[in-house]
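**Q** Sharing my_file19.cif below, mmCIF, C-alpha atoms and all ligand atoms:
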data_work
loop_
_atom_site.label_atom_id
_atom_site.label_comp_id
_atom_site.auth_asym_id
_atom_site.auth_seq_id
_atom_site.Cartn_x
_atom_site.Cartn_y
_atom_site.Cartn_z
CA MET A 1286 -24.66 -6.98 -14.02
CA ASN A 1287 -27.23 -6.54 -11.27
CA LEU A 1288 -26.93 -2.77 -11.27
CA SER A 1289 -30.12 -2.09 -9.37
CA ARG A 1290 -28.92 -4.17 -6.42
CA ALA A 1291 -25.55 -2.41 -6.48
CA ALA A 1292 -27.28 0.98 -6.69
CA ARG A 1293 -29.36 0.19 -3.61
CA SER A 1294 -26.26 -0.95 -1.74
CA LEU A 1295 -24.37 2.19 -2.71
CA GLY A 1296 -27.31 4.49 -2.04
CA VAL A 1297 -27.24 6.07 -5.51
CA PRO A 1298 -30.01 6.01 -8.11
CA VAL A 1299 -29.52 3.28 -10.71
CA GLU A 1300 -29.70 5.92 -13.49
CA ARG A 1301 -26.71 7.63 -11.91
CA LEU A 1302 -24.74 4.38 -12.00
CA GLU A 1303 -25.72 3.85 -15.63
CA SER A 1304 -24.58 7.32 -16.55
CA LEU A 1305 -21.19 6.66 -14.91
CA MET A 1306 -20.65 3.64 -17.16
CA ASP A 1307 -19.17 5.82 -19.92
CA GLY A 1308 -16.88 7.57 -17.47
CA ILE A 1309 -15.40 6.62 -14.12
CA LEU A 1310 -17.15 3.24 -13.79
CA LYS A 1311 -14.99 0.86 -15.82
CA LEU A 1312 -15.65 -2.73 -16.82
CA SER A 1313 -12.87 -5.22 -16.14
CA SER A 1314 -13.43 -8.64 -17.74
CA TRP A 1315 -10.03 -10.13 -17.03
CA PRO A 1316 -9.17 -12.06 -15.01
CA GLU A 1317 -12.57 -13.52 -14.23
CA PRO A 1318 -14.94 -12.79 -12.55
CA ARG A 1319 -16.10 -9.69 -14.41
CA LEU A 1320 -16.50 -6.54 -12.37
CA LEU A 1321 -17.08 -2.80 -12.52
CA ARG A 1322 -14.56 -0.51 -10.87
CA PHE A 1323 -14.90 3.05 -9.66
CA GLU A 1324 -11.76 4.57 -11.13
CA LYS A 1325 -12.48 7.75 -9.18
CA GLY A 1326 -14.67 8.29 -6.16
CA ILE A 1327 -18.05 10.00 -6.06
CA SER A 1328 -19.65 11.34 -2.92
CA GLY A 1329 -20.09 8.41 -0.54
CA VAL A 1330 -18.17 5.98 -2.75
CA GLU A 1331 -14.40 5.52 -2.40
CA PRO A 1332 -12.21 5.10 -5.47
CA GLY A 1333 -11.41 1.42 -6.03
CA THR A 1334 -14.94 0.33 -5.09
CA VAL A 1335 -15.97 -2.74 -7.07
CA ILE A 1336 -19.34 -4.10 -8.23
CA PHE A 1337 -19.54 -7.81 -9.01
CA GLU A 1338 -21.93 -9.49 -11.46
CA ASN A 1339 -24.59 -10.29 -8.81
CA GLY A 1340 -24.57 -6.69 -7.58
CA ASP A 1341 -22.36 -7.30 -4.55
CA VAL A 1342 -20.30 -4.21 -3.71
CA VAL A 1343 -16.82 -4.24 -2.19
CA HIS A 1344 -16.01 -0.74 -1.02
CA GLY A 1345 -12.64 0.86 -1.66
CA TYR A 1346 -10.23 1.16 1.25
CA PRO A 1347 -10.52 4.75 2.52
CA LYS A 1348 -7.66 7.22 2.48
CA ILE A 1349 -5.89 7.65 5.81
CA ARG A 1350 -4.90 11.19 6.68
CA ARG A 1351 -1.51 12.01 8.03
CA ALA A 1352 -0.72 13.64 11.36
CA MET A 1353 2.06 16.19 10.88
CA MET A 1354 2.22 17.61 14.44
CA LEU A 1355 1.35 14.47 16.33
CA ALA A 1356 0.20 15.66 19.76
CA PRO A 1357 -2.27 18.33 18.57
CA ALA A 1358 -3.45 16.08 15.72
CA ILE A 1359 -4.34 13.32 18.18
CA ARG A 1360 -6.12 15.72 20.51
CA ARG A 1361 -8.09 17.23 17.67
CA ASN A 1362 -9.03 14.00 15.89
CA PHE A 1363 -9.78 11.52 18.67
CA LEU A 1364 -12.16 11.39 21.64
CA ASP A 1365 -10.65 9.74 24.73
CA ARG A 1366 -8.49 6.76 23.84
CA VAL A 1367 -6.56 5.57 20.80
CA ALA A 1368 -5.37 2.17 19.60
CA VAL A 1369 -1.94 2.11 17.98
CA GLU A 1370 -1.02 -0.41 15.28
CA GLU A 1371 2.07 -0.78 13.17
CA LYS A 1372 1.81 0.67 9.68
CA MET A 1373 3.43 -1.99 7.57
CA ASN A 1374 5.03 -0.96 4.31
CA GLY A 1375 3.90 -2.91 1.30
CA TYR A 1376 0.83 -2.64 -0.91
CA ASN A 1377 -2.84 -2.66 -0.08
CA ILE A 1378 -5.04 -5.64 -0.97
CA ARG A 1379 -8.65 -6.57 -0.23
CA ALA A 1380 -9.24 -10.32 -0.11
CA VAL A 1381 -12.83 -11.41 -0.87
CA SER A 1382 -14.62 -14.61 -1.66
CA ILE A 1383 -16.78 -14.58 -4.80
CA ASP A 1384 -18.89 -17.69 -5.44
CA GLY A 1385 -16.57 -19.71 -3.24
CA ASP A 1386 -13.25 -18.55 -4.71
CA VAL A 1387 -10.94 -16.05 -3.05
CA TYR A 1388 -9.57 -13.07 -5.01
CA ALA A 1389 -7.23 -10.21 -4.16
CA LEU A 1390 -8.36 -6.76 -5.26
CA THR A 1391 -5.81 -3.97 -5.64
CA ARG A 1392 -6.38 -0.50 -4.24
CA GLY A 1393 -7.73 0.53 -7.63
CA GLY A 1394 -10.16 -2.40 -7.78
CA TYR A 1395 -8.40 -4.75 -10.19
CA ILE A 1396 -8.03 -8.45 -9.50
CA CYS A 1397 -4.27 -9.02 -9.13
CA PRO A 1398 -3.35 -12.55 -10.25
CA PHE A 1399 -0.13 -12.66 -8.23
CA SER A 1400 -1.68 -11.41 -4.97
CA THR A 1401 -4.61 -13.77 -5.53
CA GLU A 1402 -2.25 -16.75 -5.59
CA VAL A 1403 -0.62 -15.53 -2.36
CA VAL A 1404 -3.83 -14.96 -0.38
CA ARG A 1405 -5.28 -18.30 -1.49
CA GLU A 1406 -2.24 -19.97 -0.06
CA ARG A 1407 -1.87 -17.88 3.09
CA ILE A 1408 -5.42 -17.38 4.40
CA ASP A 1409 -7.24 -20.32 5.98
CA PRO A 1410 -10.15 -21.14 3.60
CA ASP A 1411 -12.36 -21.91 6.63
CA LEU A 1412 -12.41 -18.20 7.36
CA PHE A 1413 -14.24 -17.46 4.12
CA GLU A 1414 -16.43 -20.55 4.44
CA ASP A 1415 -17.56 -19.43 7.88
CA HIS A 1416 -17.79 -15.74 6.88
CA PRO A 1417 -18.46 -15.55 3.13
CA ASP A 1418 -19.28 -11.81 3.25
CA VAL A 1419 -16.10 -10.70 4.90
CA VAL A 1420 -13.63 -8.35 3.18
CA LEU A 1421 -10.10 -8.69 4.55
CA CYS A 1422 -8.04 -5.53 4.10
CA GLY A 1423 -4.34 -6.12 4.46
CA GLU A 1424 -0.84 -5.26 3.41
CA MET A 1425 1.35 -7.46 1.20
CA VAL A 1426 4.87 -7.23 2.60
CA GLY A 1427 8.22 -8.90 2.17
CA PRO A 1428 11.32 -8.93 -0.02
CA GLU A 1429 9.83 -10.76 -3.02
CA ASN A 1430 7.35 -8.00 -3.62
CA PRO A 1431 6.70 -6.54 -7.07
CA TYR A 1432 5.96 -3.02 -5.75
CA VAL A 1433 7.53 -2.43 -2.34
CA PRO A 1434 10.29 -4.96 -1.64
CA LYS A 1435 11.38 -4.72 2.03
CA ASP A 1436 13.34 -7.18 4.11
CA VAL A 1437 12.53 -5.65 7.49
CA TYR A 1438 9.68 -8.03 8.33
CA PRO A 1439 9.83 -11.67 9.46
CA VAL A 1440 8.80 -12.75 5.96
CA GLU A 1441 10.93 -14.78 3.59
CA SER A 1442 9.12 -14.08 0.34
CA ILE A 1443 5.83 -12.20 0.60
CA ASP A 1444 2.93 -12.44 2.99
CA PHE A 1445 -0.47 -10.94 3.75
CA TYR A 1446 -0.95 -8.98 7.01
CA LEU A 1447 -4.50 -8.14 8.01
CA PHE A 1448 -5.21 -4.60 9.28
CA ASP A 1449 -8.98 -4.13 8.87
CA ILE A 1450 -12.14 -6.11 8.21
CA SER A 1451 -15.20 -4.97 6.36
CA LYS A 1452 -18.13 -6.75 4.73
CA LYS A 1453 -19.53 -6.77 1.25
CA ASN A 1454 -22.08 -3.98 0.76
CA CYS A 1455 -20.80 -2.25 3.88
CA ARG A 1456 -18.70 0.88 3.85
CA SER A 1457 -17.34 0.85 7.38
CA MET A 1458 -14.70 -1.25 9.09
CA MET A 1459 -15.44 -3.56 12.00
CA GLY A 1460 -12.78 -2.05 14.25
CA VAL A 1461 -9.44 -2.94 15.78
CA HIS A 1462 -10.67 -5.52 18.29
CA ALA A 1463 -12.81 -7.51 15.84
CA THR A 1464 -9.88 -7.51 13.39
CA HIS A 1465 -7.36 -8.89 15.84
CA ALA A 1466 -9.88 -11.42 17.22
CA LEU A 1467 -10.68 -12.83 13.78
CA ALA A 1468 -6.99 -13.00 12.90
CA GLU A 1469 -6.31 -14.92 16.08
CA GLU A 1470 -9.21 -17.31 15.55
CA TYR A 1471 -8.09 -18.30 12.05
CA GLY A 1472 -4.34 -17.90 12.44
CA VAL A 1473 -4.09 -15.08 9.91
CA ASN A 1474 -1.09 -12.73 10.17
CA VAL A 1475 -2.11 -9.39 11.57
CA VAL A 1476 -0.28 -6.06 11.90
CA PRO A 1477 1.39 -5.67 15.33
CA PHE A 1478 -0.75 -3.98 17.97
CA PHE A 1479 1.12 -1.65 20.33
CA GLY A 1480 -1.69 -0.99 22.78
CA GLU A 1481 -4.39 1.49 23.73
CA PHE A 1482 -3.50 4.85 25.25
CA PRO A 1483 -5.42 7.82 26.63
CA VAL A 1484 -5.41 10.76 24.24
CA ASP A 1485 -3.18 13.04 26.34
CA ARG A 1486 -0.47 10.42 26.80
CA ALA A 1487 -0.60 8.89 23.30
CA ALA A 1488 1.83 11.18 21.47
CA GLU A 1489 4.56 10.54 24.00
CA GLU A 1490 4.07 6.76 23.74
CA ILE A 1491 4.00 6.93 19.96
CA PHE A 1492 7.26 8.90 19.79
CA ARG A 1493 8.94 6.06 21.66
CA ILE A 1494 7.38 3.47 19.37
CA ILE A 1495 8.28 5.45 16.25
CA LYS A 1496 11.91 5.85 17.21
CA ARG A 1497 12.21 2.11 17.75
CA LEU A 1498 10.45 1.32 14.48
CA GLY A 1499 12.62 3.82 12.62
CA ARG A 1500 15.81 2.18 13.84
CA ALA A 1501 14.48 -1.18 12.63
CA GLY A 1502 13.78 0.22 9.14
CA ARG A 1503 10.03 -0.04 9.69
CA GLU A 1504 7.55 2.55 8.50
CA GLY A 1505 5.42 3.86 11.35
CA VAL A 1506 2.00 3.60 12.96
CA VAL A 1507 -1.68 3.94 12.21
CA ILE A 1508 -3.64 5.43 15.09
CA LYS A 1509 -7.25 4.27 15.33
CA ASP A 1510 -10.25 4.89 17.54
CA PRO A 1511 -10.77 1.62 19.46
CA GLU A 1512 -14.53 1.80 18.80
CA ASN A 1513 -14.18 3.21 15.31
CA ARG A 1514 -15.87 6.52 16.21
CA ALA A 1515 -13.21 8.68 14.52
CA SER A 1516 -11.22 8.22 11.34
CA PRO A 1517 -7.64 6.92 11.67
CA LEU A 1518 -4.42 8.89 11.29
CA LYS A 1519 -0.99 7.75 10.17
CA TYR A 1520 2.44 8.85 11.36
CA THR A 1521 5.81 7.68 10.10
CA ALA A 1522 9.47 7.50 11.11
CA SER A 1523 12.06 9.83 9.62
CA GLU A 1524 14.15 6.85 8.48
CA SER A 1525 11.19 5.55 6.51
CA ASN A 1526 10.49 8.94 4.90
CA CYS A 1527 14.13 9.08 3.89
CA SER A 1528 14.16 5.56 2.55
CA ASP A 1529 11.11 6.44 0.40
CA LEU A 1530 12.97 9.50 -0.84
CA GLU A 1531 16.09 7.50 -1.54
CA PHE A 1532 14.12 5.10 -3.69
CA ALA A 1533 12.12 7.78 -5.45
CA PHE A 1534 15.04 10.12 -6.25
CA ARG A 1535 16.67 7.28 -8.17
CA TYR A 1536 13.66 7.51 -10.50
CA TYR A 1537 13.00 11.18 -9.86
CA ASN A 1538 11.05 12.01 -13.00
CA ASP A 1539 8.63 9.07 -12.64
CA TYR A 1540 7.17 10.32 -9.35
CA ALA A 1541 4.71 13.14 -8.76
CA GLN A 1542 6.38 16.23 -7.33
CA ASP A 1543 4.15 16.15 -4.27
CA PHE A 1544 5.68 12.82 -3.25
CA PHE A 1545 8.97 14.61 -2.61
CA LEU A 1546 7.64 17.83 -1.11
CA SER A 1547 5.33 16.18 1.41
CA ARG A 1548 8.16 13.97 2.69
CA VAL A 1549 10.52 16.87 3.15
CA VAL A 1550 7.92 18.99 4.93
CA ARG A 1551 7.16 16.15 7.40
CA GLU A 1552 10.77 16.20 8.50
CA GLY A 1553 10.49 19.87 9.44
CA PHE A 1554 7.41 19.40 11.59
CA GLN A 1555 8.82 16.32 13.29
CA SER A 1556 12.08 18.05 14.12
CA VAL A 1557 10.29 21.01 15.70
CA GLU A 1558 7.79 18.87 17.62
CA TRP A 1559 10.64 16.76 18.98
CA ASN A 1560 12.45 19.89 20.10
CA GLU A 1561 15.66 18.81 18.43
CA ASP A 1562 18.90 20.50 19.39
CA GLU A 1563 21.47 21.53 16.84
CA ALA A 1564 23.21 18.17 16.77
CA ALA A 1565 19.98 16.23 16.24
CA LEU A 1566 18.87 18.67 13.55
CA ARG A 1567 22.18 18.26 11.75
CA GLU A 1568 21.89 14.51 11.88
CA ARG A 1569 18.40 14.75 10.38
CA ALA A 1570 19.57 17.18 7.73
CA LEU A 1571 22.40 14.87 6.76
CA ARG A 1572 20.08 11.87 6.54
CA LEU A 1573 17.58 13.85 4.46
CA GLY A 1574 20.21 15.34 2.18
CA GLU A 1575 21.87 12.00 1.57
CA SER A 1576 18.58 10.36 0.76
CA ILE A 1577 18.13 12.93 -2.00
CA LEU A 1578 21.61 13.40 -3.45
CA VAL A 1579 23.15 9.95 -3.24
CA PRO A 1580 20.56 8.16 -5.43
CA LEU A 1581 20.19 11.15 -7.73
CA THR A 1582 23.89 11.43 -8.52
CA ASP A 1583 24.07 7.68 -8.94
CA THR A 1584 21.29 7.80 -11.55
CA ILE A 1585 22.94 10.66 -13.41
CA ARG A 1586 26.33 8.90 -13.48
CA ARG A 1587 24.86 5.64 -14.65
CA ARG A 1588 22.94 7.38 -17.40
CA MET A 1589 26.10 9.21 -18.48
CA GLN A 1590 27.76 5.82 -18.89
CA GLY A 1591 24.94 4.81 -21.20
CA GLU A 1592 23.09 2.60 -18.73
CA GLN A 1593 19.30 2.23 -18.85
CA ILE A 1594 17.82 3.05 -15.45
CA MET A 1595 15.45 0.28 -14.33
CA GLN A 1596 13.84 -1.04 -11.16
CA GLN A 1597 14.62 -4.65 -10.43
CA VAL A 1598 12.20 -6.74 -8.38
CA GLN A 1599 11.48 -10.42 -8.08
CA ILE A 1600 8.45 -12.52 -7.29
CA ARG A 1601 7.99 -16.14 -6.33
CA VAL A 1602 5.04 -18.04 -7.81
CA ARG A 1603 3.66 -21.55 -7.49
CA SER A 1604 2.57 -21.79 -11.08
CA ILE A 1605 4.16 -20.31 -14.18
CA GLN A 1606 0.72 -19.27 -15.34
CA THR A 1607 0.53 -16.86 -12.38
CA ALA A 1608 3.70 -15.15 -13.61
CA ARG A 1609 2.26 -14.88 -17.13
CA ASP A 1610 -0.97 -13.45 -15.76
CA PHE A 1611 0.93 -10.99 -13.61
CA GLU A 1612 2.86 -9.85 -16.67
CA GLN A 1613 -0.43 -9.11 -18.37
CA HIS A 1614 -1.69 -7.37 -15.22
CA LEU A 1615 1.32 -5.02 -15.16
CA ARG A 1616 0.89 -4.32 -18.86
CA ARG A 1617 -2.73 -3.30 -18.42
CA MET A 1618 -1.70 -1.03 -15.53
CA GLY A 1619 0.59 0.75 -17.99
CA THR A 1620 3.85 -0.50 -16.44
CA LYS A 1621 6.51 -1.51 -18.93
CA ALA A 1622 8.38 -4.51 -17.59
CA ILE A 1623 10.64 -7.28 -18.81
CA PHE A 1624 10.04 -10.71 -17.25
CA ASP A 1625 12.94 -13.15 -17.05
CA ILE A 1626 12.42 -16.84 -17.68
CA PRO A 1627 11.06 -18.40 -14.44
CA GLU A 1628 13.70 -20.27 -12.44
CA GLN A 1629 12.60 -23.32 -10.50
CA ASP A 1630 13.47 -23.22 -6.80
CA GLY A 1631 12.02 -26.10 -4.78
CA ASP A 1632 8.26 -26.16 -5.28
CA SER A 1633 8.06 -22.62 -6.64
CA TYR A 1634 9.49 -20.41 -9.39
CA VAL A 1635 11.44 -17.22 -8.99
CA VAL A 1636 10.80 -14.60 -11.66
CA ARG A 1637 13.01 -11.52 -11.98
CA ILE A 1638 11.28 -8.44 -13.34
CA LEU A 1639 12.87 -5.29 -14.74
CA LYS A 1640 10.52 -2.35 -14.59
CA GLN A 1641 11.25 0.47 -16.95
CA VAL A 1642 11.25 4.07 -15.83
CA MET A 1643 11.04 5.78 -19.19
CA SER A 1644 10.51 9.29 -18.04
CA THR A 1645 13.60 9.38 -15.79
CA ASN A 1646 15.71 7.80 -18.54
CA ASP A 1647 14.62 10.29 -21.18
CA LYS A 1648 14.81 13.34 -18.96
CA THR A 1649 18.25 12.48 -17.59
CA LEU A 1650 19.68 11.87 -21.04
CA ALA A 1651 18.21 15.11 -22.37
CA VAL A 1652 19.68 17.13 -19.50
CA ILE A 1653 23.08 15.46 -19.87
CA GLU A 1654 22.99 16.53 -23.51
CA GLY A 1655 22.39 20.10 -22.51
CA GLN A 1656 18.63 20.53 -22.46
CA PRO A 1657 17.53 23.21 -19.98
CA TRP A 1658 15.08 22.16 -17.20
P1 LIG A 1701 -3.78 6.60 1.75
O1 LIG A 1701 -4.01 5.14 1.89
O2 LIG A 1701 -3.78 7.33 3.05
O3 LIG A 1701 -4.61 7.19 0.69
P2 LIG A 1701 -1.30 5.97 0.42
O4 LIG A 1701 -1.98 5.14 -0.58
O5 LIG A 1701 -0.17 6.82 0.00
O6 LIG A 1701 -2.29 6.87 1.24
P3 LIG A 1701 0.03 5.09 2.76
O7 LIG A 1701 0.65 6.42 2.96
O8 LIG A 1701 0.92 3.90 2.71
O9 LIG A 1701 -0.86 4.95 1.51
O10 LIG A 1701 -0.98 4.90 3.99
C1 LIG A 1701 -2.16 4.16 4.05
C2 LIG A 1701 -1.98 2.67 3.76
O11 LIG A 1701 -1.21 2.04 4.77
C3 LIG A 1701 -3.25 1.86 3.74
O12 LIG A 1701 -3.93 2.00 2.54
C4 LIG A 1701 -2.72 0.45 3.94
O13 LIG A 1701 -2.39 -0.12 2.69
C5 LIG A 1701 -1.42 0.64 4.70
N1 LIG A 1701 -1.41 0.10 6.07
C6 LIG A 1701 -0.36 -0.58 6.62
N2 LIG A 1701 -0.60 -0.91 7.88
C7 LIG A 1701 -1.83 -0.45 8.19
C8 LIG A 1701 -2.65 -0.50 9.36
N3 LIG A 1701 -2.23 -1.05 10.50
N4 LIG A 1701 -3.87 0.05 9.29
C9 LIG A 1701 -4.32 0.64 8.16
N5 LIG A 1701 -3.59 0.72 7.02
C10 LIG A 1701 -2.36 0.18 7.03
MG MG A 1702 2.01 2.28 2.04
#
Please rewrite the model in this file as structure tokens.
Ligand code: ATP
Ligand code: MG
**A**
Amino acid sequence: MNLSRAARSLGVPVERLESLMDGILKLSSWPEPRLLRFEKGISGVEPGTVIFENGDVVHGYPKIRRAMMLAPAIRRNFLDRVAVEEKMNGYNIRAVSIDGDVYALTRGGYICPFSTEVVRERIDPDLFEDHPDVVLCGEMVGPENPYVPKDVYPVESIDFYLFDISKKNCRSMMGVHATHALAEEYGVNVVPFFGEFPVDRAAEEIFRIIKRLGRAGREGVVIKDPENRASPLKYTASESNCSDLEFAFRYYNDYAQDFFLSRVVREGFQSVEWNEDEAALRERALRLGESILVPLTDTIRRRMQGEQIMQQVQIRVRSIQTARDFEQHLRRMGTKAIFDIPEQDGDSYVVRILKQVMSTNDKTLAVIEGQPW
């Protein structure tokens, strides 16, 4: 590992990097190429940042803060104008070329064998030949998705949608315009762009956009400074918050408590900011309540009938080896999953996966048998 080169690129003393090797800087030797991952961040280095053998650094994708009260949040965070993009709901991937081969890095900095197969197929290789240092940050969306299956996008299986570009050894993003221009040039899918708005009119425009997205089952928007002078903010539709809750309450004990609280609190701020009358508030309350109680009671009933609670997903792969590698990838991430035998479908294989949610299973059974909370 060329640690001194990486240290220079990160702006930390090489001794500091060496000392992190027993702690948050973890070696990952599989799948190749070998790399070091920052499991947690340190000042100036995002979690998920990766160091490759030659010392090249791929920075972690930064956290995006959430606007709760949209109009004041926009006024406080941005300068004069904002660019509004769709926030697509899938999982975050960084596609990079290492010694001529393209790999997909997960948010945490692992190489994901499944996502790697997808990006190799979906991104024009000329892009990386012409720009070998580029880091493509994008969302993997679609129904055949191992983490966030959604059928609200024009995607049959799964696809990569670009939302930001960075470069190796560079912490910042190149901005909205460069991203959409590169996507256009190479025919890469890119997140929808809703336009640029002056700061004092933006919230109003975004409310309209959000209501439309919500009705279509889509998640929301990311608001960015067109020249990248301020950090972005995200804002989501009530329907999407509720659909997250509906999913999570089915597996209520396998999610962090903050997942639930933050989604409920958002609903309160949105309702007040939108000046909802009693009827609109009731409609929201009903939607929110149903998204909590319907899945929860379903889980409890199923468990009472002796069922194991599991999450079912499916993926489509070109090669069976990719499915085997993905099984190993899930195992190393600590996810217990049962992979069905791959089923041939045209020139690909469909693999059904049952993910176990042990904690919800155990907790529900214990409570049914009388254990106090
Ligand atoms: P965060 O990324 O803010 O730490 P999180 O991991 O819970 O939080 P989200 O709440 O989904 O993620 O919000 C941010 C994520 O949204 C990004 O990491 C990215 O994967 C995804 N995303 C989808 N569309 C966009 C877009 N247009 N611009 C930026 N990110 C987007
Ligand atoms: Mg997301």
**Q** At a cut-off of 8 Å and counting only C-alpha atoms and all ligand atoms, what residues surround ligand MG 1702 (chain A)? Please answer as a ChimeraX atom specification.
**A** /A:1372-1377
**Q** When you look at Arg1548 in chain A with a cut-off of 8 Å (counting all atoms listed in the file), what residues show up, excluding the ones that are within fewer than 6 positions of it in the same chain? I need them as a PyMOL selection string.
**A** chain A and resi 1526-1527+1530
**Q** Which residues come within 9 Å of Met1595 in chain A, counting all atoms listed in the file, excluding same-chain residues fewer than 3 positions away, as a list in words?
**A**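 Residues meeting the cut-off are Tyr1536, Leu1639, Lys1640, Gln1641, Val1642, Met1643 and Asn1646 of chain A.
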**Q** Excluding Pro1511 in chain A and residues on its chain fewer than 5 positions from it, collect all residues at most 9 Å away from it, counting all atoms listed in the file, and give them as a PyMOL selection string.
**A** chain A and resi 1366-1369+1460-1462+1481
**Q** So which one's closest to Glu1331 in chain A, A:Cys1455, A:Val1598, A:Ala1501, A:Val1420? Using all atoms listed in the file, please.
**A**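 Among A:Cys1455, A:Val1598, A:Ala1501, A:Val1420, it is A:Cys1455 that comes nearest to Glu1331 in chain A.
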**Q** One decimal, in Å: what's the spacing between CA of Ser1328 in chain A and atom C2 of ligand LIG 1701 (chain A)?
**A**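 According to the coordinates, CA of Ser1328 in chain A and atom C2 of ligand LIG 1701 (chain A) are separated by 20.8 Å.
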**Q** Could the residues of chain A that have an atom at most 8 Å from ligand LIG 1701 (chain A) be listed as a Markdown table, each with its closest atom pair and the distance in Å to one decimal, counting all atoms listed in the file and ordered by chain and ascending residue number?
**A**
| residue | atom | partner | partner_atom | distance |
| --- | --- | --- | --- | --- |
| A:Tyr1346 | CA | A:LIG1701 | O12 | 6.5 |
| A:Pro1347 | CA | A:LIG1701 | O1 | 6.6 |
| A:Lys1348 | CA | A:LIG1701 | O3 | 3.5 |
| A:Ile1349 | CA | A:LIG1701 | O2 | 3.5 |
| A:Arg1350 | CA | A:LIG1701 | O2 | 5.4 |
| A:Arg1351 | CA | A:LIG1701 | O2 | 7.2 |
| A:Glu1370 | CA | A:LIG1701 | N3 | 5.0 |
| A:Glu1371 | CA | A:LIG1701 | N3 | 5.1 |
| A:Lys1372 | CA | A:LIG1701 | N2 | 3.4 |
| A:Met1373 | CA | A:LIG1701 | C6 | 4.2 |
| A:Asn1374 | CA | A:LIG1701 | C6 | 5.9 |
| A:Gly1375 | CA | A:LIG1701 | O13 | 7.0 |
| A:Tyr1376 | CA | A:LIG1701 | O13 | 5.4 |
| A:Asn1377 | CA | A:LIG1701 | O13 | 3.8 |
| A:Ile1378 | CA | A:LIG1701 | O13 | 7.1 |
| A:Arg1392 | CA | A:LIG1701 | O12 | 7.6 |
| A:Cys1422 | CA | A:LIG1701 | O13 | 7.9 |
| A:Gly1423 | CA | A:LIG1701 | O13 | 6.6 |
| A:Glu1424 | CA | A:LIG1701 | O13 | 5.4 |
| A:Leu1447 | CA | A:LIG1701 | N3 | 7.8 |
| A:Phe1448 | CA | A:LIG1701 | N3 | 4.8 |
| A:Asp1449 | CA | A:LIG1701 | N4 | 6.6 |
| A:Val1476 | CA | A:LIG1701 | N3 | 5.6 |
| A:Pro1477 | CA | A:LIG1701 | N3 | 7.6 |
| A:Val1506 | CA | A:LIG1701 | N3 | 6.8 |
| A:Val1507 | CA | A:LIG1701 | N3 | 5.3 |
| A:Ile1508 | CA | A:LIG1701 | N4 | 7.9 |
| A:Pro1517 | CA | A:LIG1701 | C9 | 7.9 |
| A:Lys1519 | CA | A:LIG1701 | O10 | 6.8 |
**Q** Output requested as an mmCIF file, in the coordinates of the input - range 1310-1318 of chain A, filled out with N, CA, C and O atoms.
**A**
data_model
loop_
_atom_site.group_PDB
_atom_site.id
_atom_site.type_symbol
_atom_site.label_atom_id
_atom_site.label_comp_id
_atom_site.auth_asym_id
_atom_site.auth_seq_id
_atom_site.Cartn_x
_atom_site.Cartn_y
_atom_site.Cartn_z
ATOM 1 N N LEU A 1310 -16.822 4.627 -14.138
ATOM 2 C CA LEU A 1310 -17.150 3.240 -13.790
ATOM 3 C C LEU A 1310 -16.703 2.345 -14.941
ATOM 4 O O LEU A 1310 -17.290 2.347 -16.016
ATOM 5 N N LYS A 1311 -15.624 1.593 -14.710
ATOM 6 C CA LYS A 1311 -14.990 0.860 -15.820
ATOM 7 C C LYS A 1311 -15.209 -0.641 -15.677
ATOM 8 O O LYS A 1311 -15.078 -1.187 -14.582
ATOM 9 N N LEU A 1312 -15.481 -1.281 -16.814
ATOM 10 C CA LEU A 1312 -15.650 -2.730 -16.820
ATOM 11 C C LEU A 1312 -14.280 -3.397 -16.883
ATOM 12 O O LEU A 1312 -13.410 -2.988 -17.644
ATOM 13 N N SER A 1313 -14.091 -4.428 -16.055
ATOM 14 C CA SER A 1313 -12.870 -5.220 -16.140
ATOM 15 C C SER A 1313 -13.284 -6.681 -16.301
ATOM 16 O O SER A 1313 -13.903 -7.248 -15.418
ATOM 17 N N SER A 1314 -12.967 -7.270 -17.462
ATOM 18 C CA SER A 1314 -13.430 -8.640 -17.740
ATOM 19 C C SER A 1314 -12.345 -9.674 -17.499
ATOM 20 O O SER A 1314 -12.588 -10.870 -17.584
ATOM 21 N N TRP A 1315 -11.131 -9.198 -17.232
ATOM 22 C CA TRP A 1315 -10.030 -10.130 -17.030
ATOM 23 C C TRP A 1315 -9.251 -9.745 -15.797
ATOM 24 O O TRP A 1315 -9.007 -8.553 -15.603
ATOM 25 N N PRO A 1316 -8.738 -10.656 -14.997
ATOM 26 C CA PRO A 1316 -9.170 -12.060 -15.010
ATOM 27 C C PRO A 1316 -10.579 -12.192 -14.465
ATOM 28 O O PRO A 1316 -11.085 -11.268 -13.829
ATOM 29 N N GLU A 1317 -11.206 -13.329 -14.705
ATOM 30 C CA GLU A 1317 -12.570 -13.520 -14.230
ATOM 31 C C GLU A 1317 -12.564 -13.552 -12.706
ATOM 32 O O GLU A 1317 -11.559 -13.906 -12.108
ATOM 33 N N PRO A 1318 -13.627 -13.201 -12.023
ATOM 34 C CA PRO A 1318 -14.940 -12.790 -12.550
ATOM 35 C C PRO A 1318 -14.969 -11.321 -13.010
ATOM 36 O O PRO A 1318 -14.166 -10.517 -12.564
#
